[in-house]
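Visitor: Contents of structure34.txt (compact mmCIF, C-alpha atoms):
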```
# COMPACT_ATOMS: atom_id res chain seq x y z
CA MET A 1 9.44 -27.70 22.43
CA GLY A 2 9.55 -24.92 24.93
CA THR A 3 6.69 -22.46 25.06
CA LEU A 4 8.99 -19.56 24.25
CA LEU A 5 10.58 -21.17 21.20
CA LYS A 6 7.21 -22.36 19.93
CA ASN A 7 5.72 -18.90 20.22
CA MET A 8 8.72 -17.24 18.57
CA LEU A 9 8.44 -19.58 15.58
CA ARG A 10 4.72 -18.91 15.40
CA PHE A 11 5.32 -15.16 15.47
CA ILE A 12 7.76 -15.25 12.55
CA LEU A 13 5.76 -17.76 10.51
CA LEU A 14 2.44 -15.96 10.89
CA ILE A 15 3.97 -12.58 9.99
CA LEU A 16 5.62 -14.04 6.88
CA VAL A 17 2.41 -15.76 5.75
CA GLN A 18 0.45 -12.58 6.32
CA VAL A 19 2.88 -10.28 4.49
CA TYR A 20 3.86 -12.47 1.56
CA VAL A 21 0.72 -14.53 0.95
CA LEU A 22 -2.45 -13.08 2.42
CA ASP A 23 -1.72 -9.37 1.89
CA ARG A 24 -1.69 -10.02 -1.85
CA ILE A 25 -5.21 -11.39 -1.83
CA HIS A 26 -7.89 -8.82 -2.49
CA LEU A 27 -11.25 -10.49 -3.11
CA HIS A 28 -13.68 -8.25 -4.98
CA TYR A 29 -11.33 -5.33 -4.33
CA MET A 30 -12.47 -5.43 -0.75
CA VAL A 31 -11.62 -8.43 1.40
CA THR A 32 -8.11 -9.21 2.54
CA PRO A 33 -7.92 -12.16 4.96
CA TYR A 34 -5.99 -11.72 8.18
CA ILE A 35 -4.41 -14.61 10.02
CA TYR A 36 -1.39 -13.09 11.83
CA PHE A 37 -3.36 -12.23 14.97
CA LEU A 38 -3.98 -15.94 15.50
CA PHE A 39 -0.74 -15.58 17.43
CA ILE A 40 -2.62 -13.57 20.05
CA LEU A 41 -5.56 -15.98 20.10
CA TRP A 42 -3.14 -18.83 20.74
CA MET A 43 -1.18 -17.19 23.54
CA PRO A 44 -1.17 -19.23 26.77
CA PHE A 45 -4.03 -18.82 29.27
CA GLU A 46 -1.69 -17.91 32.06
CA GLY A 47 0.63 -14.95 32.02
CA ASN A 48 0.53 -11.31 32.86
CA ARG A 49 -1.99 -9.36 30.83
CA ALA A 50 0.29 -6.32 30.53
CA VAL A 51 3.09 -8.49 29.15
CA GLN A 52 0.71 -10.13 26.69
CA MET A 53 -0.46 -6.72 25.52
CA MET A 54 3.13 -5.65 24.98
CA ILE A 55 3.84 -8.78 22.92
CA ALA A 56 0.67 -8.09 20.93
CA PHE A 57 1.91 -4.57 20.31
CA ALA A 58 5.22 -5.97 19.02
CA LEU A 59 3.26 -8.22 16.64
CA GLY A 60 1.15 -5.38 15.31
CA PHE A 61 4.15 -3.10 15.04
CA THR A 62 6.06 -5.68 12.98
CA LEU A 63 3.21 -5.97 10.48
CA ASP A 64 2.87 -2.17 10.37
CA GLY A 65 6.58 -2.02 9.58
CA PHE A 66 6.05 -4.13 6.49
CA ARG A 67 3.12 -1.99 5.45
CA HIS A 68 5.02 1.26 6.12
CA HIS A 69 2.04 2.65 7.92
CA PRO A 70 2.54 2.56 11.67
CA GLY A 71 -0.22 2.38 14.26
CA PHE A 72 -3.21 0.61 12.75
CA HIS A 73 -2.45 -3.05 13.38
CA SER A 74 -0.66 -2.25 16.64
CA ALA A 75 -3.83 -0.63 17.95
CA ALA A 76 -6.07 -3.52 16.89
CA CYS A 77 -3.66 -6.13 18.34
CA VAL A 78 -3.37 -4.42 21.72
CA LEU A 79 -7.17 -4.18 21.91
CA VAL A 80 -7.56 -7.88 21.12
CA ALA A 81 -4.93 -8.84 23.72
CA TYR A 82 -6.72 -6.70 26.30
CA LEU A 83 -10.17 -8.20 25.65
CA ARG A 84 -9.00 -11.80 25.29
CA PRO A 85 -9.03 -12.84 28.99
CA PHE A 86 -12.62 -11.54 29.37
CA VAL A 87 -13.80 -13.59 26.40
CA VAL A 88 -11.96 -16.66 27.69
CA ASN A 89 -13.61 -16.32 31.12
CA LEU A 90 -16.97 -15.96 29.42
CA LEU A 91 -16.67 -19.07 27.28
CA ILE A 92 -14.52 -21.55 29.13
CA SER A 93 -16.68 -24.55 29.85
CA GLN A 94 -15.76 -26.09 33.15
CA GLN A 95 -14.13 -24.77 36.25
CA GLY A 96 -10.36 -24.78 35.97
CA ALA A 97 -10.17 -25.72 32.31
CA GLU A 98 -7.63 -22.97 31.76
CA ASN A 99 -5.42 -24.80 34.25
CA ASN A 100 -5.75 -28.15 32.54
CA TYR A 101 -4.68 -26.94 29.14
CA GLN A 102 -2.00 -24.51 28.11
CA GLU A 103 -3.66 -22.46 25.41
CA PRO A 104 -7.03 -21.99 23.68
CA SER A 105 -7.99 -24.55 21.04
CA ALA A 106 -11.09 -26.47 20.02
CA LYS A 107 -10.14 -29.12 22.57
CA SER A 108 -9.38 -26.92 25.54
CA MET A 109 -12.39 -24.67 24.95
CA GLY A 110 -14.60 -27.76 25.08
CA GLY A 111 -15.70 -28.17 21.50
CA PHE A 112 -15.68 -26.50 18.14
CA ILE A 113 -18.55 -24.12 18.77
CA PRO A 114 -17.08 -22.32 21.81
CA TYR A 115 -13.77 -22.04 19.97
CA LEU A 116 -15.58 -20.60 16.94
CA VAL A 117 -17.38 -18.06 19.13
CA TYR A 118 -14.11 -17.17 20.86
CA ALA A 119 -12.29 -16.65 17.56
CA GLY A 120 -15.31 -14.93 16.02
CA MET A 121 -15.69 -12.35 18.77
CA LEU A 122 -12.02 -11.42 18.77
CA THR A 123 -11.82 -11.40 14.96
CA LEU A 124 -14.78 -9.05 14.82
CA VAL A 125 -13.11 -6.77 17.38
CA HIS A 126 -9.82 -6.83 15.47
CA HIS A 127 -11.34 -6.19 12.05
CA GLY A 128 -13.90 -3.73 13.33
CA TRP A 129 -11.33 -1.58 15.06
CA LEU A 130 -8.78 -1.82 12.22
CA PHE A 131 -11.26 -0.91 9.49
CA PHE A 132 -12.86 1.74 11.68
CA LEU A 133 -9.49 3.49 11.94
CA GLU A 134 -9.10 3.21 8.17
CA ALA A 135 -12.65 4.37 7.48
CA MET A 136 -12.03 7.50 9.55
CA GLN A 137 -9.67 8.59 6.77
CA PHE A 138 -11.99 7.96 3.85
CA GLY A 139 -15.29 8.43 5.63
CA ASP A 140 -17.43 5.82 3.89
CA PHE A 141 -19.08 3.94 6.74
CA TRP A 142 -21.45 1.76 4.75
CA TYR A 143 -18.43 0.40 2.91
CA PHE A 144 -16.70 -0.06 6.26
CA ILE A 145 -19.49 -2.19 7.71
CA VAL A 146 -19.73 -4.44 4.64
CA LYS A 147 -15.97 -4.84 4.60
CA THR A 148 -15.84 -5.76 8.28
CA VAL A 149 -18.55 -8.40 7.96
CA PHE A 150 -17.10 -10.10 4.89
CA SER A 151 -13.51 -9.94 6.14
CA THR A 152 -14.54 -11.46 9.46
CA ALA A 153 -16.30 -14.31 7.67
CA ILE A 154 -13.29 -15.08 5.45
CA THR A 155 -10.84 -14.84 8.34
CA LEU A 156 -12.96 -17.15 10.49
CA LEU A 157 -13.01 -19.67 7.67
CA LEU A 158 -9.22 -19.51 7.53
CA ILE A 159 -8.89 -19.91 11.30
CA MET A 160 -11.11 -22.99 11.20
CA ILE A 161 -9.06 -24.48 8.36
CA VAL A 162 -5.88 -23.83 10.31
CA GLU A 163 -7.41 -25.49 13.37
CA LEU A 164 -8.35 -28.58 11.33
CA LEU A 165 -5.05 -28.84 9.44
CA PHE A 166 -2.59 -28.09 12.20
CA SER A 167 -3.99 -29.79 15.25
CA ARG A 168 -1.86 -28.74 18.16
CA LYS A 169 -0.93 -31.52 20.51
CA GLN A 170 -2.05 -30.48 23.92
CA ALA A 171 -1.38 -32.69 26.87
CA PHE A 172 -3.98 -32.72 29.61
CA ARG A 173 -2.08 -31.44 32.61
CA THR A 174 -3.54 -33.41 35.50
CA ASN A 175 -3.55 -32.54 39.17
CA THR A 176 -2.74 -28.93 38.56
CA VAL A 177 -5.71 -27.44 40.40
CA MET B 1 12.58 -0.04 10.44
CA ASN B 2 12.60 0.62 6.69
CA GLU B 3 16.06 -0.85 6.38
CA VAL B 4 15.03 -4.04 8.16
CA THR B 5 11.80 -4.63 6.24
CA GLY B 6 13.59 -3.59 3.08
CA ARG B 7 16.15 -6.33 3.50
CA VAL B 8 13.54 -9.02 4.19
CA ASN B 9 11.49 -7.80 1.25
CA THR B 10 14.51 -7.94 -1.03
CA GLN B 11 14.96 -11.64 -0.28
CA PHE B 12 11.32 -12.47 -0.98
CA ASN B 13 11.27 -10.28 -4.05
CA LYS B 14 13.95 -12.44 -5.63
CA VAL B 15 11.39 -15.24 -5.96
CA ASP B 16 8.55 -12.99 -7.02
CA TYR B 17 10.78 -11.27 -9.55
CA PHE B 18 11.76 -14.55 -11.17
CA PHE B 19 8.16 -15.44 -11.89
CA LYS B 20 7.40 -12.03 -13.37
CA LEU B 21 10.48 -11.86 -15.60
CA ARG B 22 8.46 -12.42 -18.77
CA ASN B 23 6.23 -9.47 -18.05
CA THR B 24 9.14 -7.21 -17.09
CA ASN B 25 10.92 -8.18 -20.26
CA GLU B 26 7.95 -7.21 -22.40
CA VAL B 27 7.72 -3.80 -20.74
CA LEU B 28 11.43 -3.22 -21.26
CA ILE B 29 11.28 -4.19 -24.93
CA LYS B 30 8.37 -1.86 -25.56
CA ASN B 31 10.10 0.95 -23.74
CA ASN B 32 13.31 0.31 -25.65
CA GLU B 33 11.42 0.50 -28.92
CA ARG B 34 9.97 3.84 -27.93
CA LEU B 35 13.39 5.22 -27.02
CA VAL B 36 15.06 3.95 -30.18
CA ASN B 37 12.38 5.72 -32.17
CA LEU B 38 13.39 8.97 -30.52
CA LEU B 39 16.98 8.70 -31.75
CA ASN B 40 18.23 11.59 -33.85
CA GLU B 41 19.15 9.51 -36.86
CA ASN B 42 15.52 8.54 -37.34
CA PHE B 43 14.67 12.08 -38.30
CA GLU B 44 15.45 13.99 -41.45
CA LYS B 45 16.48 17.58 -41.03
CA GLN B 46 13.96 19.90 -42.60
CA ASP B 47 14.84 23.29 -43.99
CA THR B 48 16.85 25.60 -41.80
CA SER B 49 14.00 27.91 -41.00
CA THR B 50 12.44 25.23 -38.80
CA LYS B 51 13.15 25.87 -35.19
CA ILE B 52 12.76 23.18 -32.55
CA VAL B 53 11.22 24.66 -29.43
CA SER B 54 11.99 22.76 -26.29
CA GLU B 55 10.72 23.13 -22.78
CA ASN B 56 14.27 23.33 -21.53
CA ILE B 57 15.67 26.72 -20.71
CA PHE B 58 18.48 27.84 -22.98
CA ASN B 59 21.51 28.94 -21.06
CA ASP B 60 23.63 29.90 -24.00
CA THR B 61 23.71 29.04 -27.64
CA THR B 62 25.64 25.81 -27.24
CA GLY B 63 23.96 23.79 -24.53
CA ARG B 64 20.69 23.05 -22.85
CA LYS B 65 20.17 23.02 -19.13
CA ARG B 66 18.81 19.83 -17.67
CA LYS B 67 15.70 20.17 -15.55
CA TRP B 68 14.57 16.61 -14.88
CA GLN B 69 16.75 13.63 -14.10
CA TYR B 70 15.51 10.01 -14.08
CA PHE B 71 16.84 7.40 -11.67
CA SER B 72 15.71 3.82 -12.14
CA ALA B 73 15.06 1.67 -9.09
CA LYS B 74 13.99 -1.88 -8.29
CA VAL B 75 10.69 -2.30 -6.46
CA VAL B 76 11.13 -4.56 -3.41
CA SER B 77 7.66 -4.39 -1.93
CA ASN B 78 4.33 -3.14 -3.14
CA SER B 79 0.74 -3.43 -2.04
CA VAL B 80 -2.65 -2.67 -3.56
CA ALA B 81 -4.96 -4.27 -1.00
CA ALA B 82 -4.52 -1.82 1.87
CA GLN B 83 -6.37 1.45 2.32
CA ASN B 84 -3.08 3.31 2.24
CA ASN B 85 -0.56 1.70 -0.08
CA PHE B 86 3.17 2.19 -0.12
CA ILE B 87 5.90 1.00 -2.45
CA ALA B 88 9.45 0.34 -1.22
CA ILE B 89 12.35 0.66 -3.66
CA HIS B 90 15.95 -0.45 -3.36
CA ARG B 91 17.54 2.95 -3.83
CA GLY B 92 17.97 5.65 -1.22
CA ALA B 93 19.71 8.86 -0.28
CA GLY B 94 23.07 7.22 -0.92
CA GLN B 95 21.98 6.70 -4.53
CA GLN B 96 20.60 10.20 -5.17
CA ILE B 97 16.95 9.68 -4.32
CA LYS B 98 15.45 12.73 -2.62
CA LYS B 99 12.22 13.28 -0.73
CA ASP B 100 9.30 14.54 -2.89
CA ASP B 101 10.71 13.11 -6.11
CA GLY B 102 7.99 12.03 -8.50
CA VAL B 103 7.89 8.34 -9.43
CA VAL B 104 6.74 6.84 -12.75
CA ASP B 105 6.68 3.31 -14.15
CA LEU B 106 8.71 2.31 -17.21
CA ASN B 107 6.04 3.59 -19.59
CA ASN B 108 6.04 7.01 -17.92
CA GLY B 109 2.73 6.39 -16.14
CA VAL B 110 2.55 8.18 -12.79
CA VAL B 111 3.01 5.86 -9.78
CA GLY B 112 3.50 8.09 -6.73
CA ILE B 113 5.75 10.39 -4.76
CA VAL B 114 8.78 9.57 -2.60
CA THR B 115 7.88 10.24 1.04
CA GLU B 116 10.63 8.60 3.06
CA VAL B 117 14.27 8.18 2.19
CA GLY B 118 16.69 5.85 3.95
CA GLU B 119 20.32 5.20 3.19
CA ASN B 120 19.64 2.35 0.71
CA TYR B 121 15.84 2.13 0.52
CA SER B 122 13.08 4.61 -0.08
CA VAL B 123 9.35 4.47 0.46
CA ILE B 124 6.93 5.82 -2.13
CA MET B 125 3.42 6.93 -1.36
CA SER B 126 1.48 5.20 -4.11
CA LEU B 127 -1.35 6.97 -5.95
CA LEU B 128 -3.50 4.43 -4.08
CA HIS B 129 -3.25 6.37 -0.81
CA LYS B 130 -5.70 8.72 0.86
CA ASP B 131 -3.17 11.59 1.04
CA SER B 132 -2.19 11.26 -2.60
CA LYS B 133 -3.18 14.33 -4.61
CA ILE B 134 -1.75 14.98 -8.05
CA SER B 135 -2.42 18.04 -10.19
CA ALA B 136 -3.75 16.78 -13.52
CA LYS B 137 -4.90 18.13 -16.84
CA LEU B 138 -7.38 16.92 -19.46
CA LYS B 139 -5.59 16.52 -22.75
CA LYS B 140 -8.54 17.61 -24.87
CA GLY B 141 -9.77 20.76 -23.14
CA GLY B 142 -6.87 21.59 -20.88
CA GLU B 143 -8.98 21.83 -17.71
CA VAL B 144 -6.96 21.28 -14.54
CA GLY B 145 -8.11 19.17 -11.59
CA GLN B 146 -6.82 16.88 -8.87
CA VAL B 147 -6.33 13.13 -9.04
CA ILE B 148 -7.17 11.34 -5.79
CA TRP B 149 -8.09 7.80 -4.74
CA ASP B 150 -11.34 6.82 -3.04
CA GLY B 151 -9.82 3.82 -1.22
CA LYS B 152 -11.76 1.12 -3.03
CA GLU B 153 -10.59 -0.34 -6.29
CA PRO B 154 -6.89 -0.44 -7.24
CA ASN B 155 -5.98 0.95 -10.69
CA ARG B 156 -9.07 3.16 -10.53
CA LEU B 157 -8.47 6.81 -9.62
CA SER B 158 -10.78 9.80 -9.36
CA LEU B 159 -10.28 13.15 -11.04
CA ILE B 160 -12.08 15.92 -9.18
CA GLU B 161 -12.50 19.70 -9.50
CA ILE B 162 -13.35 19.57 -13.22
CA ARG B 163 -16.23 21.93 -14.08
CA LYS B 164 -19.32 20.51 -15.73
CA SER B 165 -18.73 22.92 -18.59
CA ALA B 166 -15.68 20.89 -19.62
CA LEU B 167 -16.01 18.59 -22.60
CA VAL B 168 -15.23 15.09 -21.42
CA ALA B 169 -15.65 11.71 -23.05
CA LYS B 170 -14.85 8.17 -22.08
CA GLY B 171 -11.30 7.28 -23.05
CA ASP B 172 -9.91 10.82 -22.84
CA THR B 173 -6.33 11.10 -21.67
CA VAL B 174 -5.42 12.74 -18.38
CA TYR B 175 -1.85 13.79 -17.72
CA THR B 176 0.21 15.73 -15.21
CA SER B 177 -0.24 19.48 -15.38
CA GLY B 178 3.35 20.45 -14.65
CA PHE B 179 2.09 23.05 -12.15
CA THR B 180 3.89 21.37 -9.25
CA THR B 181 7.60 20.89 -8.83
CA THR B 182 7.17 17.11 -8.48
CA PHE B 183 6.24 15.96 -11.97
CA PRO B 184 7.16 17.27 -15.41
CA TYR B 185 4.37 18.34 -17.76
CA GLY B 186 2.63 15.65 -19.78
CA LEU B 187 3.22 12.37 -17.95
CA MET B 188 0.20 10.15 -18.43
CA ILE B 189 -1.88 9.39 -15.33
CA GLY B 190 -4.81 7.53 -16.87
CA THR B 191 -7.76 7.51 -19.22
CA ILE B 192 -11.35 8.36 -18.34
CA ASP B 193 -13.36 5.25 -17.55
CA GLU B 194 -16.59 6.60 -16.10
CA ILE B 195 -18.16 10.05 -15.94
CA VAL B 196 -20.26 10.96 -12.92
CA LYS B 197 -21.98 14.29 -12.31
CA ASP B 198 -21.62 15.35 -8.71
CA LYS B 199 -25.12 16.44 -7.65
CA SER B 200 -24.03 18.72 -4.82
CA THR B 201 -21.48 20.78 -6.74
CA ASN B 202 -20.90 22.11 -10.20
CA ASN B 203 -18.13 19.58 -10.81
CA TYR B 204 -17.69 16.21 -12.40
CA ILE B 205 -16.22 13.19 -10.68
CA LEU B 206 -14.25 11.39 -13.38
CA TYR B 207 -13.10 7.86 -12.70
CA LEU B 208 -9.82 7.02 -14.41
CA LYS B 209 -8.19 3.79 -15.39
CA SER B 210 -4.59 4.35 -14.30
CA THR B 211 -1.83 4.05 -16.88
CA ALA B 212 0.50 2.37 -14.41
CA ASN B 213 -0.57 -1.14 -13.44
CA PHE B 214 -0.06 -1.22 -9.69
CA TYR B 215 -0.38 -5.01 -9.57
CA ASN B 216 2.92 -5.78 -11.27
CA LEU B 217 5.42 -3.01 -10.72
CA GLN B 218 8.95 -4.34 -11.02
CA TYR B 219 11.04 -1.31 -11.91
CA VAL B 220 10.19 2.36 -11.51
CA ASN B 221 11.91 5.64 -12.32
CA ALA B 222 12.24 8.41 -9.75
CA ILE B 223 12.30 11.87 -11.34
CA GLU B 224 14.29 14.57 -9.65
CA ASN B 225 13.59 18.20 -10.39
CA LEU B 226 16.99 19.85 -10.50
CA GLN B 227 15.44 23.31 -10.26
CA ARG B 228 13.07 22.61 -7.39
CA GLU B 229 14.95 24.62 -4.77
CA GLU B 230 14.90 27.71 -6.93
CA VAL B 231 11.14 27.49 -7.55
CA ASP B 232 10.40 26.72 -3.91
CA GLN B 233 12.50 29.65 -2.78
CA LEU B 234 10.73 32.04 -5.16
CA LEU B 235 7.29 30.87 -4.04
CA LYS B 236 8.33 31.23 -0.41
CA ASN B 237 9.56 34.76 -0.99
CA ALA B 238 6.32 35.67 -2.77
CA ASN B 239 4.27 34.26 0.11
CA ASN B 240 6.31 36.15 2.66
CA LYS B 241 5.66 39.41 0.84
CA VAL B 242 1.92 38.78 0.88
CA ASN B 243 1.89 37.91 4.56
CA ASN B 244 3.93 40.91 5.67
```
Would you mind writing the file's structure down as structure tokens?

Guide:
Amino acid sequence: MGTLLKNMLRFILLILVQVYVLDRIHLHYMVTPYIYFLFILWMPFEGNRAVQMMIAFALGFTLDGFRHHPGFHSAACVLVAYLRPFVVNLLISQQGAENNYQEPSAKSMGGFIPYLVYAGMLTLVHHGWLFFLEAMQFGDFWYFIVKTVFSTAITLLLIMIVELLFSRKQAFRTNTV
Amino acid sequence: MNEVTGRVNTQFNKVDYFFKLRNTNEVLIKNNERLVNLLNENFEKQDTSTKIVSENIFNDTTGRKRKWQYFSAKVVSNSVAAQNNFIAIHRGAGQQIKKDDGVVDLNNGVVGIVTEVGENYSVIMSLLHKDSKISAKLKKGGEVGQVIWDGKEPNRLSLIEIRKSALVAKGDTVYTSGFTTTFPYGLMIGTIDEIVKDKSTNNYILYLKSTANFYNLQYVNAIENLQREEVDQLLKNANNKVNN
């Protein structure tokens, strides 16, 4: 499957799961899990950052469209797409690993722990920024911090389950460096 | 954008709707019972000196003038988990929905206000939204306050601006005041669930259990005020006179 087709399918599938399944979950009237931005976490290593940020904006904007409240998810998605290459550079294990594999996964990041840290940092950024924007309207910051922490934990759990259930076949691309 | 998401939502709602048919049916039966009870033939005429006073304005001796008109609409998407919740309905400007119409559920419990109108779909700002502010009245004492939402628990609203001198008790009914042009007088908003004394002001914060259940809205009624333009125009004129 081509990279473009694969990513388009992912985009649609993740948005549908988010809107019609996860958005209806509301644990303890507080925690709603988010999985749609896994699309951004799974974007290929290579590629123009500006283009990736624009695609991330499109993703956030689509979800905002379903929620009839433009801006919030778009902002969080663009931020995540902007910070992603820094986090990848920080965590990637050996020299040139981003050339050997196409996209981040437990395998290409060199183990489960680096992948968990990678996903955890970006999830925290996404949730933190999203809930911060929401908390600005209601102004209850203690609630905001608790919500961010618990939501991040639940989302990370989901991301790990997804990683275990849907193992992505990634060929080791030799002799590319 | 609303048209696109509206169409996708309509498809998914078909499935959701099927599984909630039993519940919708129960609501409709109850509502039907209430309406049948209001039929004229259920009442005996008393002596001729009895006069029925109605809120409607009498134009002449033969007819009454309609002030509020109900339009039913199917809910295609709804959320309770967000900090600002919206409801999309499959009825728009082409089907007589107007901006700022009040929206109630089938049992006349307040749901929200229409904020955006498309050709075939409209978006309602739910009571579970930070900008939602509804003028409300306590049934017992008649004190008027505002119903808002604190962004935490769905189906739990706050009634503010009620003086501590007011007599309140758990379970008291709160309904619309009729002071705005959006809702008629006397639509139920909720019942008092918890009474909290605000330490910094002389007011209560009353937590309400909402009459409308925001978790399973299937059909709603939009209420149009047929005299809104007249009232708005008068208020505008009055304001202009003050300002000049």

Visitor: At what distance in Å, to one decimal, does atom CA of B:Ala81 lie from atom CA of B:Asn221?

Guide: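 Atom CA of B:Asn221 sits 22.6 Å away from atom CA of B:Ala81.
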
Visitor: Which is closer to chain A than all the others in B:Val15, B:Val123, B:Val231, B:Ile189, using only C-alpha atoms?

Guide: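 For chain A, the nearest of the given residues is B:Val123.
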
Visitor: Go ahead and compute the interatomic distance for atom CA of B:Asn13 and atom CA of B:His129, in Å to one decimal.

Guide: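 Pair atom CA of B:Asn13 / atom CA of B:His129 returns 22.3 Å.
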
Visitor: Which neighbours of B:His90 fall inside 7 Å, counting only C-alpha atoms, when residues of the same chain fewer than 6 positions from it are skipped, and could you give them as JSON, numbers by chain?

Guide: {"B": [73, 74, 75, 76, 120, 121, 122]}

Visitor: Find the residues in chain B near chain A: any atom within 8 Å counts, using only C-alpha atoms. Write them as a ChimeraX atom specification.

Guide: /B:1-2,5,12,79-81,83-86,123,130,150-154

Visitor: Could you name the residues that touch A:Ala76 at 8 Å or less, counting all atoms listed in the file, but leaving out those on the same chain fewer than 2 positions away, as a PyMOL selection string?

Guide: chain A and resi 60+72-74+78-80+125-127+129-130

Visitor: As a ChimeraX atom specification, please: the residues near stretch 176-188 of chain B (cut-off 9 Å, only C-alpha atoms, same-chain neighbours under 6 positions excluded).

Guide: /B:68,100-104,107-110,113,134-139,142,144-145,210-212,223-225,227-228,231-232

Visitor: In Å, how far is it from atom CA of B:Ser200 to atom CA of B:Lys164?

Guide: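 One can read the atom CA of B:Ser200 to atom CA of B:Lys164 distance as 12.0 Å.
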
Visitor: Kindly indicate which residue among B:Glu26, B:Val174, B:Phe18, B:Val220 lies nearest to B:Val114, using all atoms listed in the file for the distances.

Guide: B:Val220

Visitor: Take the point (21.6, 8.3, 2.7) in the file's coordinates, draw a sphere of radius 8 Å around it, and report as a list in words every protein, DNA or RNA residue with an atom inside or on it, counting only C-alpha atoms.

Guide: Gly92, Ala93, Gly94, Gln95, Val117, Gly118, Glu119 and Asn120 of chain B

Visitor: Neighbouring residues of stretch 33-44 of chain A were defined as those with any atom within 7 Å, considering all atoms listed in the file; residues of the same chain fewer than 5 positions away were excluded. Please report them as a ChimeraX atom specification.

Guide: /A:10-11,14-15,18,22,56,77,81,102-104,151,154-155

Visitor: When distances are computed from all atoms listed in the file, which of A:Glu163, A:Gly71, A:Thr152, A:Val146 shows the smallest separation from A:Phe112?

Guide: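 The closest residue to A:Phe112 is A:Glu163.
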